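Dumped upload-v7.cif below, it's mmCIF, C-alpha atoms:
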```cif
data_final
#
loop_
_atom_site.label_atom_id
_atom_site.label_comp_id
_atom_site.auth_asym_id
_atom_site.auth_seq_id
_atom_site.Cartn_x
_atom_site.Cartn_y
_atom_site.Cartn_z
CA MET H 1046 44.34 -90.02 96.52
CA SER H 1047 40.58 -90.57 96.37
CA GLU H 1048 38.37 -92.06 99.03
CA PRO H 1049 39.70 -95.49 100.24
CA PHE H 1050 36.71 -97.32 98.74
CA VAL H 1051 37.49 -95.80 95.36
CA GLU H 1052 41.17 -96.77 95.57
CA GLU H 1053 40.27 -100.30 96.56
CA SER H 1054 37.89 -100.70 93.62
CA LEU H 1055 40.31 -99.14 91.13
CA ALA H 1056 43.00 -101.57 92.31
CA VAL H 1057 40.89 -104.46 90.99
CA LEU H 1058 39.63 -102.64 87.90
CA ALA H 1059 43.21 -101.82 86.90
CA ARG H 1060 44.23 -105.50 87.03
CA THR H 1061 41.41 -107.52 85.50
CA PRO H 1062 42.35 -106.70 81.87
CA ALA H 1063 45.80 -108.25 82.47
CA SER H 1064 44.17 -111.30 84.01
CA PHE H 1065 41.93 -111.88 80.96
CA ASP H 1066 44.91 -111.17 78.70
CA GLY H 1067 47.20 -113.60 80.49
CA LEU H 1068 44.63 -116.37 80.21
CA LEU H 1069 43.26 -115.82 76.71
CA ARG H 1070 45.84 -114.20 74.41
CA GLY H 1071 47.12 -116.79 71.95
CA LEU H 1072 44.96 -119.58 73.36
CA PRO H 1073 43.80 -121.97 70.60
CA ASP H 1074 40.39 -121.31 69.10
CA VAL H 1075 38.86 -124.49 70.58
CA TRP H 1076 39.10 -122.73 73.93
CA ILE H 1077 38.33 -119.15 72.85
CA SER H 1078 35.13 -120.13 71.05
CA ALA H 1079 33.93 -122.69 73.61
CA THR H 1080 30.51 -122.09 75.19
CA GLU H 1081 28.26 -123.74 77.78
CA GLY H 1082 25.71 -124.55 75.05
CA ASP H 1083 23.54 -122.78 72.46
CA GLY H 1084 22.96 -119.14 73.24
CA THR H 1085 25.64 -118.98 75.94
CA TRP H 1086 28.83 -116.94 75.83
CA SER H 1087 32.31 -117.89 74.76
CA PRO H 1088 35.44 -116.25 76.24
CA TYR H 1089 35.59 -114.32 72.95
CA SER H 1090 32.10 -112.89 73.40
CA VAL H 1091 32.82 -112.00 77.04
CA ILE H 1092 35.65 -109.71 75.92
CA GLY H 1093 33.33 -108.09 73.36
CA HIS H 1094 30.77 -107.52 76.11
CA LEU H 1095 33.37 -105.97 78.43
CA ILE H 1096 34.43 -103.56 75.65
CA HIS H 1097 30.81 -102.58 75.08
CA CYS H 1098 30.35 -101.88 78.80
CA GLU H 1099 33.49 -99.72 78.96
CA ARG H 1100 32.03 -97.58 76.19
CA THR H 1101 28.41 -97.32 77.29
CA ASP H 1102 27.91 -98.26 80.91
CA TRP H 1103 30.11 -97.41 83.87
CA VAL H 1104 31.75 -94.04 83.34
CA PRO H 1105 28.90 -92.55 81.27
CA ARG H 1106 26.52 -93.46 84.09
CA MET H 1107 28.82 -91.95 86.72
CA ARG H 1108 28.77 -88.70 84.78
CA ILE H 1109 24.98 -88.74 84.60
CA ILE H 1110 24.83 -89.17 88.37
CA LEU H 1111 27.30 -86.35 89.00
CA GLU H 1112 25.84 -83.94 86.44
CA GLU H 1113 22.12 -84.71 86.38
CA GLY H 1114 21.30 -86.91 89.38
CA VAL H 1115 18.08 -88.93 89.51
CA GLU H 1116 16.31 -86.56 87.07
CA ARG H 1117 17.93 -88.25 84.10
CA THR H 1118 17.33 -92.00 83.90
CA PHE H 1119 20.40 -93.91 82.62
CA ASP H 1120 20.30 -94.95 78.99
CA PRO H 1121 19.59 -98.70 78.93
CA VAL H 1122 22.68 -100.83 78.24
CA ASN H 1123 22.31 -103.66 75.76
CA ARG H 1124 23.61 -106.45 77.95
CA GLU H 1125 23.73 -108.79 74.95
CA ALA H 1126 25.83 -106.50 72.74
CA ARG H 1127 29.30 -107.83 72.07
CA GLY H 1128 30.77 -105.28 69.67
CA GLU H 1129 32.64 -105.91 66.47
CA ARG H 1130 34.13 -109.18 65.41
CA LEU H 1131 37.85 -108.53 65.56
CA ALA H 1132 40.79 -110.79 66.34
CA LEU H 1133 40.85 -111.60 70.05
CA GLY H 1134 44.28 -110.01 70.53
CA THR H 1135 42.97 -106.75 69.06
CA MET H 1136 39.96 -106.88 71.35
CA LEU H 1137 42.11 -107.54 74.43
CA ASP H 1138 44.22 -104.50 73.48
CA GLU H 1139 41.08 -102.43 73.04
CA PHE H 1140 39.62 -103.51 76.37
CA ALA H 1141 42.87 -102.65 78.17
CA GLU H 1142 43.11 -99.25 76.47
CA LEU H 1143 39.47 -98.33 77.18
CA ARG H 1144 39.92 -99.37 80.78
CA ARG H 1145 43.04 -97.22 81.18
CA GLU H 1146 41.17 -94.25 79.76
CA ASN H 1147 38.15 -94.85 81.96
CA LEU H 1148 40.19 -95.20 85.14
CA ALA H 1149 41.98 -91.93 84.30
CA ARG H 1150 38.54 -90.29 83.93
CA VAL H 1151 37.42 -91.66 87.29
CA ARG H 1152 40.55 -90.26 88.93
CA GLU H 1153 39.77 -86.86 87.41
CA LEU H 1154 36.35 -86.99 89.07
CA ASN H 1155 38.05 -86.90 92.51
CA LEU H 1156 35.33 -88.97 94.09
CA GLY H 1157 34.91 -88.35 97.82
CA THR H 1158 32.37 -89.53 100.35
CA ALA H 1159 29.75 -87.03 99.18
CA GLU H 1160 30.04 -87.99 95.50
CA LEU H 1161 29.85 -91.70 96.33
CA GLU H 1162 26.48 -91.19 97.97
CA MET H 1163 25.03 -89.29 95.00
CA GLN H 1164 22.15 -91.05 93.30
CA GLY H 1165 21.12 -91.97 89.78
CA MET H 1166 18.05 -93.57 88.26
CA HIS H 1167 18.55 -97.02 86.75
CA PRO H 1168 15.97 -97.87 84.05
CA THR H 1169 14.90 -101.11 85.73
CA LEU H 1170 16.48 -101.14 89.23
CA GLY H 1171 15.43 -97.65 90.32
CA VAL H 1172 17.60 -95.46 92.53
CA VAL H 1173 21.24 -96.50 92.81
CA THR H 1174 24.23 -94.68 94.29
CA LEU H 1175 27.53 -93.92 92.59
CA ARG H 1176 29.20 -96.11 95.21
CA GLN H 1177 26.96 -99.06 94.20
CA LEU H 1178 27.76 -98.43 90.54
CA LEU H 1179 31.51 -98.45 91.21
CA ALA H 1180 31.22 -101.63 93.30
CA THR H 1181 29.20 -103.26 90.52
CA TRP H 1182 31.74 -102.32 87.84
CA THR H 1183 34.37 -104.11 89.96
CA ALA H 1184 32.25 -107.17 90.71
CA HIS H 1185 31.08 -107.35 87.07
CA ASP H 1186 34.66 -107.83 85.86
CA LEU H 1187 35.11 -110.63 88.37
CA THR H 1188 31.87 -112.39 87.46
CA HIS H 1189 33.00 -112.50 83.84
CA LEU H 1190 36.42 -113.81 84.85
CA ILE H 1191 34.57 -116.54 86.75
CA GLN H 1192 32.41 -117.19 83.69
CA VAL H 1193 35.44 -117.54 81.40
CA GLY H 1194 37.10 -119.93 83.84
CA ARG H 1195 33.90 -121.98 84.03
CA VAL H 1196 33.41 -122.15 80.25
CA LEU H 1197 37.00 -123.33 79.77
CA ALA H 1198 36.87 -125.83 82.65
CA LYS H 1199 33.62 -127.38 81.45
CA ARG H 1200 35.24 -128.41 78.16
CA TYR H 1201 36.97 -131.08 80.28
CA LYS H 1202 33.90 -132.20 82.21
CA GLU H 1203 34.08 -135.69 80.70
CA GLU H 1204 37.85 -135.71 80.22
CA ILE H 1205 38.64 -135.61 83.95
CA GLY H 1206 36.81 -138.89 84.62
CA PRO H 1207 36.81 -139.91 88.31
CA PHE H 1208 38.49 -136.61 89.34
CA GLY H 1209 35.10 -134.97 88.83
CA ALA H 1210 34.42 -135.94 92.46
CA PHE H 1211 36.90 -133.21 93.51
CA LEU H 1212 35.93 -130.39 91.11
CA SER H 1213 32.56 -128.94 92.02
CA VAL H 1214 32.54 -126.54 89.05
CA MET H 1215 31.82 -129.50 86.78
CA LYS H 1216 28.53 -130.35 88.44
CA MET P 750 54.69 -131.65 68.77
CA SER P 751 52.84 -133.96 71.14
CA GLU P 752 49.35 -135.36 70.77
CA PRO P 753 46.76 -132.61 70.07
CA PHE P 754 45.05 -133.16 73.45
CA VAL P 755 48.37 -132.59 75.19
CA GLU P 756 49.04 -129.38 73.24
CA GLU P 757 45.57 -128.10 74.01
CA SER P 758 45.97 -128.71 77.74
CA LEU P 759 49.46 -127.24 77.84
CA ALA P 760 48.13 -124.09 76.13
CA VAL P 761 45.94 -123.42 79.17
CA LEU P 762 48.49 -124.58 81.75
CA ALA P 763 51.08 -122.22 80.27
CA ARG P 764 48.75 -119.21 80.66
CA THR P 765 47.01 -119.54 84.03
CA PRO P 766 50.03 -118.31 86.06
CA ALA P 767 49.95 -115.02 84.11
CA SER P 768 46.22 -114.74 84.72
CA PHE P 769 46.62 -115.11 88.50
CA ASP P 770 49.61 -112.75 88.37
CA GLY P 771 47.77 -110.07 86.42
CA LEU P 772 44.90 -110.13 88.87
CA LEU P 773 46.72 -110.45 92.19
CA ARG P 774 50.20 -108.93 92.06
CA GLY P 775 50.22 -105.67 93.99
CA LEU P 776 46.55 -105.90 94.92
CA PRO P 777 45.91 -104.44 98.42
CA ASP P 778 45.84 -106.89 101.30
CA VAL P 779 42.10 -106.43 101.95
CA TRP P 780 41.59 -108.33 98.69
CA ILE P 781 44.47 -110.80 98.94
CA SER P 782 43.49 -111.98 102.40
CA ALA P 783 39.72 -111.99 101.82
CA THR P 784 37.90 -115.30 102.36
CA GLU P 785 34.36 -116.65 102.10
CA GLY P 786 34.27 -117.17 105.87
CA ASP P 787 36.14 -119.08 108.57
CA GLY P 788 38.08 -122.04 107.25
CA THR P 789 37.78 -120.99 103.60
CA TRP P 790 40.60 -119.93 101.32
CA SER P 791 41.90 -116.50 100.45
CA PRO P 792 43.51 -115.69 97.08
CA TYR P 793 46.81 -115.85 98.98
CA SER P 794 46.18 -119.39 100.18
CA VAL P 795 45.09 -120.49 96.70
CA ILE P 796 48.51 -119.55 95.31
CA GLY P 797 50.16 -121.50 98.13
CA HIS P 798 48.02 -124.51 97.28
CA LEU P 799 48.89 -124.27 93.56
CA ILE P 800 52.61 -124.21 94.41
CA HIS P 801 52.18 -127.28 96.61
CA CYS P 802 50.41 -129.13 93.79
CA GLU P 803 53.15 -128.25 91.28
CA ARG P 804 55.66 -129.85 93.62
CA THR P 805 53.79 -132.96 94.72
CA ASP P 806 50.87 -133.79 92.47
CA TRP P 807 50.70 -133.57 88.69
CA VAL P 808 54.10 -134.37 87.22
CA PRO P 809 55.20 -136.75 89.99
CA ARG P 810 52.00 -138.73 89.40
CA MET P 811 52.53 -138.77 85.63
CA ARG P 812 55.96 -140.28 86.24
CA ILE P 813 54.51 -142.95 88.51
CA ILE P 814 52.00 -143.88 85.79
CA LEU P 815 54.69 -144.05 83.09
CA GLU P 816 57.28 -145.87 85.20
CA GLU P 817 55.27 -148.07 87.56
CA GLY P 818 51.65 -148.15 86.35
CA VAL P 819 48.82 -149.26 88.63
CA GLU P 820 51.18 -151.32 90.82
CA ARG P 821 52.29 -148.20 92.70
CA THR P 822 49.46 -146.22 94.28
CA PHE P 823 50.03 -142.45 94.10
CA ASP P 824 51.29 -140.82 97.27
CA PRO P 825 48.34 -138.95 98.81
CA VAL P 826 48.40 -135.19 98.22
CA ASN P 827 47.62 -132.96 101.17
CA ARG P 828 44.87 -130.90 99.58
CA GLU P 829 44.94 -128.49 102.51
CA ALA P 830 48.66 -127.74 102.36
CA ARG P 831 49.48 -124.23 101.30
CA GLY P 832 53.25 -124.06 101.57
CA GLU P 833 55.36 -121.39 103.21
CA ARG P 834 54.19 -117.96 104.16
CA LEU P 835 56.07 -115.70 101.76
CA ALA P 836 55.15 -112.39 100.16
CA LEU P 837 52.53 -112.90 97.49
CA GLY P 838 54.79 -111.56 94.71
CA THR P 839 57.44 -114.12 95.65
CA MET P 840 54.84 -116.89 95.60
CA LEU P 841 53.51 -115.82 92.20
CA ASP P 842 57.08 -115.92 90.86
CA GLU P 843 57.58 -119.35 92.39
CA PHE P 844 54.34 -120.71 90.94
CA ALA P 845 55.24 -119.42 87.46
CA GLU P 846 58.76 -120.89 87.65
CA LEU P 847 57.57 -124.30 88.90
CA ARG P 848 54.96 -124.36 86.16
CA ARG P 849 57.55 -123.57 83.45
CA GLU P 850 59.76 -126.37 84.74
CA ASN P 851 56.86 -128.83 84.93
CA LEU P 852 55.64 -128.05 81.41
CA ALA P 853 59.18 -128.56 80.11
CA ARG P 854 59.21 -131.97 81.85
CA VAL P 855 55.88 -132.91 80.28
CA ARG P 856 57.24 -131.99 76.84
CA GLU P 857 60.24 -134.25 77.46
CA LEU P 858 57.84 -137.13 78.15
CA ASN P 859 56.64 -136.95 74.50
CA LEU P 860 53.16 -138.07 75.41
CA GLY P 861 51.35 -139.84 72.57
CA THR P 862 48.04 -141.67 72.37
CA ALA P 863 49.47 -144.79 74.02
CA GLU P 864 50.94 -142.90 76.99
CA LEU P 865 47.72 -140.96 77.54
CA GLU P 866 45.82 -144.22 78.01
CA MET P 867 48.28 -145.58 80.57
CA GLN P 868 46.80 -146.08 84.02
CA GLY P 869 47.69 -145.21 87.59
CA MET P 870 46.15 -145.99 90.96
CA HIS P 871 44.72 -143.04 92.85
CA PRO P 872 44.60 -143.59 96.64
CA THR P 873 40.86 -142.82 96.86
CA LEU P 874 39.51 -142.65 93.29
CA GLY P 875 40.99 -145.93 92.02
CA VAL P 876 42.20 -146.36 88.43
CA VAL P 877 42.77 -143.16 86.48
CA THR P 878 44.46 -142.54 83.13
CA LEU P 879 47.29 -140.16 82.38
CA ARG P 880 44.89 -138.34 80.05
CA GLN P 881 42.45 -137.81 82.94
CA LEU P 882 45.28 -136.57 85.15
CA LEU P 883 46.38 -134.03 82.53
CA ALA P 884 42.80 -132.84 81.99
CA THR P 885 42.37 -132.49 85.76
CA TRP P 886 45.58 -130.47 86.13
CA THR P 887 44.15 -128.07 83.53
CA ALA P 888 40.66 -127.89 85.03
CA HIS P 889 42.11 -127.58 88.56
CA ASP P 890 43.88 -124.32 87.62
CA LEU P 891 40.63 -122.97 86.25
CA THR P 892 38.56 -123.96 89.27
CA HIS P 893 40.97 -122.03 91.47
CA LEU P 894 40.82 -119.01 89.15
CA ILE P 895 37.03 -119.19 89.52
CA GLN P 896 37.42 -119.46 93.28
CA VAL P 897 39.68 -116.39 93.45
CA GLY P 898 37.24 -114.39 91.32
CA ARG P 899 34.37 -115.48 93.56
CA VAL P 900 36.17 -114.64 96.82
CA LEU P 901 37.02 -111.17 95.52
CA ALA P 902 33.55 -110.51 94.07
CA LYS P 903 31.80 -111.54 97.28
CA ARG P 904 33.56 -108.78 99.22
CA TYR P 905 31.13 -106.48 97.38
CA LYS P 906 28.01 -108.55 97.94
CA GLU P 907 26.41 -105.79 100.02
CA GLU P 908 28.17 -102.91 98.27
CA ILE P 909 26.46 -103.48 94.91
CA GLY P 910 22.98 -102.94 96.36
CA PRO P 911 20.17 -103.38 93.81
CA PHE P 912 22.64 -104.52 91.11
CA GLY P 913 22.75 -107.86 92.93
CA ALA P 914 19.76 -108.79 90.79
CA PHE P 915 22.13 -109.02 87.79
CA LEU P 916 25.12 -110.78 89.38
CA SER P 917 24.31 -114.40 90.15
CA VAL P 918 27.70 -115.07 91.76
CA MET P 919 26.57 -113.07 94.77
CA LYS P 920 23.71 -115.42 95.59
#
```
Show this structure as structure tokens.
Amino acid sequence: MSEPFVEESLAVLARTPASFDGLLRGLPDVWISATEGDGTWSPYSVIGHLIHCERTDWVPRMRIILEEGVERTFDPVNREARGERLALGTMLDEFAELRRENLARVRELNLGTAELEMQGMHPTLGVVTLRQLLATWTAHDLTHLIQVGRVLAKRYKEEIGPFGAFLSVMK
Amino acid sequence: MSEPFVEESLAVLARTPASFDGLLRGLPDVWISATEGDGTWSPYSVIGHLIHCERTDWVPRMRIILEEGVERTFDPVNREARGERLALGTMLDEFAELRRENLARVRELNLGTAELEMQGMHPTLGVVTLRQLLATWTAHDLTHLIQVGRVLAKRYKEEIGPFGAFLSVMK
């Protein structure tokens, strides 16, 4: 059992892949490829982005903090990268598998209070703690779940007619 | 096979219960009972609200439109009602079961282009079509998924520190 804050974060991080999967797997392409306009992300591209982050962002950065501290600035993450163009079901499987592996790695790190306060050097934000990085990993999943919900909902902005008065997301 | 618009809406409505379930089932109570402040909803209360709507709102109103048209104003829905206070897992099961039953009822209605244009009388919004009601049922699920994601993410508003610059949901 790690520090309570770690357990609490892992509880969310362990569940978000199933939430994306439940919503998106098998959904018709009109939904999966919907965007909020030119240059904005579809649910499909969000999953590609999440896969990219599992590979390059969260756990690699935790290791840099634990092994090298602020001396070694994090490698920049390409926040626009969305990985390969595979079938969505394959990508959802990949995201879930990468997440399982990454959460197992975090558990092996046995993060306690001291580790959570250790610092790293973000290329644009400056000094950040491992605790902030873990919190951001958790919140980042949720912001993309929100984004997917918003992209899907907005397809019906006109369709809902007068009910738009009740649904603030459409504004 | 119903009208394409119906199929497209049902594709989302069939999946949102699994998305809420994947995210919330077994999640520690600090998350489930989190709110955005006094008088705002927790993830727990959102599921109670969705159950209430399955029982009183969408399909009952479709039937009124099909059977009585604009002559019979919809019964008002208590948008604050959140049902009984049961364990979250029980409520997630109940929501999923009610949804399955309601989607089966919609399929039995064999909604075509003519039915979708039929009108009902909303107690505050006035004339609405069955198509608008179906679109709103779909978008309503998504707005509450967004809300749950937002409530959870905001618990970490302070925890993410400098990363707040990247996560607009926290503002």
Requested in this report: List every protein, DNA or RNA residue that has an atom no more than 12 Å from (53.7, -148.1, 95.1) in the file's coordinate frame, counting all atoms listed in the file, and report them as a list in words.
Outcome: Arg810, Ile813, Ile814, Glu816, Glu817, Gly818, Val819, Glu820, Arg821, Thr822, Phe823, Asp824, Pro825, Gly869, Met870, His871 and Pro872 of chain P
Report task. Might you pull out every residue within 9 Å of Gly1194 (chain H), with only C-alpha atoms counted and same-chain residues fewer than 5 positions away left off, and present them as a PyMOL selection string? Result -> (chain H and resi 1088+1189+1199) or (chain P and resi 888+890-895)
Need the neighbours of (53.9, -129.0, 101.8): which residues are at most 10 Å away, counting all atoms listed in the file, as an mmCIF file with C-alpha atoms, in the frame of the given file?
```cif
data_model
loop_
_atom_site.group_PDB
_atom_site.id
_atom_site.type_symbol
_atom_site.label_atom_id
_atom_site.label_comp_id
_atom_site.auth_asym_id
_atom_site.auth_seq_id
_atom_site.Cartn_x
_atom_site.Cartn_y
_atom_site.Cartn_z
ATOM 1 C CA GLY P 797 50.160 -121.500 98.130
ATOM 2 C CA HIS P 798 48.020 -124.510 97.280
ATOM 3 C CA ILE P 800 52.610 -124.210 94.410
ATOM 4 C CA HIS P 801 52.180 -127.280 96.610
ATOM 5 C CA CYS P 802 50.410 -129.130 93.790
ATOM 6 C CA ARG P 804 55.660 -129.850 93.620
ATOM 7 C CA THR P 805 53.790 -132.960 94.720
ATOM 8 C CA VAL P 826 48.400 -135.190 98.220
ATOM 9 C CA ASN P 827 47.620 -132.960 101.170
ATOM 10 C CA ARG P 828 44.870 -130.900 99.580
ATOM 11 C CA GLU P 829 44.940 -128.490 102.510
ATOM 12 C CA ALA P 830 48.660 -127.740 102.360
ATOM 13 C CA ARG P 831 49.480 -124.230 101.300
ATOM 14 C CA GLY P 832 53.250 -124.060 101.570
ATOM 15 C CA GLU P 833 55.360 -121.390 103.210
#
```
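Counting from CA of Asp787 (chain P), the distance to CA of Val900 (chain P) is 12.6 Å.
Taking CA of Ser1213 (chain H) and CA of Thr862 (chain P) as the two end points, the separation is 28.1 Å.
Residue nearest Leu865 (chain P), chosen from P:Leu883, P:Asp770, P:Leu799, P:Thr765 and counting all atoms listed in the file: P:Leu883.
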Requested in this report: Would you translate the PyMOL selection byres ((chain P) within 6 of (chain H)) into the concrete set of residues it matches in this file, as a PyMOL selection string?
Outcome: chain P and resi 764-765+767-768+771-772+881+884-885+888+891+895+898+902+908-910
Mind dumping the selected residues with C-alpha atoms as a compact mmCIF listing (two decimals), keeping the file's coordinate frame?
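New file again21.txt:
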```
# COMPACT_ATOMS: atom_id res chain seq x y z
CA ARG P 764 48.75 -119.21 80.66
CA THR P 765 47.01 -119.54 84.03
CA ALA P 767 49.95 -115.02 84.11
CA SER P 768 46.22 -114.74 84.72
CA GLY P 771 47.77 -110.07 86.42
CA LEU P 772 44.90 -110.13 88.87
CA GLN P 881 42.45 -137.81 82.94
CA ALA P 884 42.80 -132.84 81.99
CA THR P 885 42.37 -132.49 85.76
CA ALA P 888 40.66 -127.89 85.03
CA LEU P 891 40.63 -122.97 86.25
CA ILE P 895 37.03 -119.19 89.52
CA GLY P 898 37.24 -114.39 91.32
CA ALA P 902 33.55 -110.51 94.07
CA GLU P 908 28.17 -102.91 98.27
CA ILE P 909 26.46 -103.48 94.91
CA GLY P 910 22.98 -102.94 96.36
```
Report summary line: From CA of Asn851 (chain P) to CA of Ala836 (chain P) the spacing works out at 22.5 Å
Query raised in the report: Near Tyr793 (chain P), within 8 Å and counting all atoms listed in the file, which residues show up once chain neighbours fewer than 6 positions away are dropped, as a PyMOL selection string?
Result: chain P and resi 781-782+837
Report task. Name the closest residue to Glu850 (chain P) among the candidates P:Met867, P:Val808, P:Ala783, P:Leu835; distances are taken between atoms, counting all atoms listed in the file. Result -> P:Val808
Missing atoms in region 1158-1182 of chain H: fill them in up to N, CA and C atoms and send the result as a short mmCIF file (atom, residue, chain, number, x, y, z; two decimals), keeping the file's coordinate frame.
```cif
data_model
loop_
_atom_site.label_atom_id
_atom_site.label_comp_id
_atom_site.auth_asym_id
_atom_site.auth_seq_id
_atom_site.Cartn_x
_atom_site.Cartn_y
_atom_site.Cartn_z
N THR H 1158 33.52 -88.93 99.69
CA THR H 1158 32.37 -89.53 100.35
C THR H 1158 31.04 -88.97 99.82
N ALA H 1159 31.00 -87.67 99.62
CA ALA H 1159 29.75 -87.03 99.18
C ALA H 1159 29.36 -87.51 97.78
N GLU H 1160 30.34 -87.55 96.88
CA GLU H 1160 30.04 -87.99 95.50
C GLU H 1160 29.58 -89.45 95.49
N LEU H 1161 30.20 -90.27 96.32
CA LEU H 1161 29.85 -91.70 96.33
C LEU H 1161 28.40 -91.93 96.73
N GLU H 1162 27.87 -91.02 97.53
CA GLU H 1162 26.48 -91.19 97.97
C GLU H 1162 25.47 -90.56 97.00
N MET H 1163 25.96 -89.89 95.96
CA MET H 1163 25.03 -89.29 95.00
C MET H 1163 24.26 -90.37 94.25
N GLN H 1164 23.05 -90.03 93.84
CA GLN H 1164 22.15 -91.05 93.30
C GLN H 1164 21.85 -90.86 91.81
N GLY H 1165 21.58 -91.98 91.16
CA GLY H 1165 21.12 -91.97 89.78
C GLY H 1165 19.89 -92.86 89.65
N MET H 1166 19.27 -92.79 88.49
CA MET H 1166 18.05 -93.57 88.26
C MET H 1166 18.32 -94.64 87.20
N HIS H 1167 18.34 -95.89 87.66
CA HIS H 1167 18.55 -97.02 86.75
C HIS H 1167 17.22 -97.34 86.07
N PRO H 1168 17.25 -97.67 84.76
CA PRO H 1168 15.97 -97.87 84.05
C PRO H 1168 15.12 -99.02 84.58
N THR H 1169 15.73 -100.02 85.18
CA THR H 1169 14.90 -101.11 85.73
C THR H 1169 15.07 -101.28 87.25
N LEU H 1170 16.23 -100.90 87.80
CA LEU H 1170 16.48 -101.14 89.23
C LEU H 1170 16.07 -99.97 90.11
N GLY H 1171 15.79 -98.82 89.52
CA GLY H 1171 15.43 -97.65 90.32
C GLY H 1171 16.65 -96.91 90.83
N VAL H 1172 16.52 -96.31 92.00
CA VAL H 1172 17.60 -95.46 92.53
C VAL H 1172 18.82 -96.30 92.92
N VAL H 1173 19.97 -95.87 92.43
CA VAL H 1173 21.24 -96.50 92.81
C VAL H 1173 22.22 -95.37 93.14
N THR H 1174 23.22 -95.69 93.96
CA THR H 1174 24.23 -94.68 94.29
C THR H 1174 25.47 -94.87 93.41
N LEU H 1175 26.27 -93.83 93.34
CA LEU H 1175 27.53 -93.92 92.59
C LEU H 1175 28.44 -94.98 93.21
N ARG H 1176 28.41 -95.08 94.53
CA ARG H 1176 29.20 -96.11 95.21
C ARG H 1176 28.77 -97.52 94.76
N GLN H 1177 27.46 -97.75 94.66
CA GLN H 1177 26.96 -99.06 94.20
C GLN H 1177 27.39 -99.33 92.75
N LEU H 1178 27.37 -98.28 91.94
CA LEU H 1178 27.76 -98.43 90.54
C LEU H 1178 29.23 -98.81 90.42
N LEU H 1179 30.08 -98.15 91.22
CA LEU H 1179 31.51 -98.45 91.21
C LEU H 1179 31.77 -99.87 91.71
N ALA H 1180 31.07 -100.27 92.77
CA ALA H 1180 31.22 -101.63 93.30
C ALA H 1180 30.79 -102.66 92.25
N THR H 1181 29.73 -102.32 91.50
CA THR H 1181 29.20 -103.26 90.52
C THR H 1181 30.13 -103.39 89.32
N TRP H 1182 30.73 -102.28 88.92
CA TRP H 1182 31.74 -102.32 87.84
C TRP H 1182 32.83 -103.34 88.23
#
```
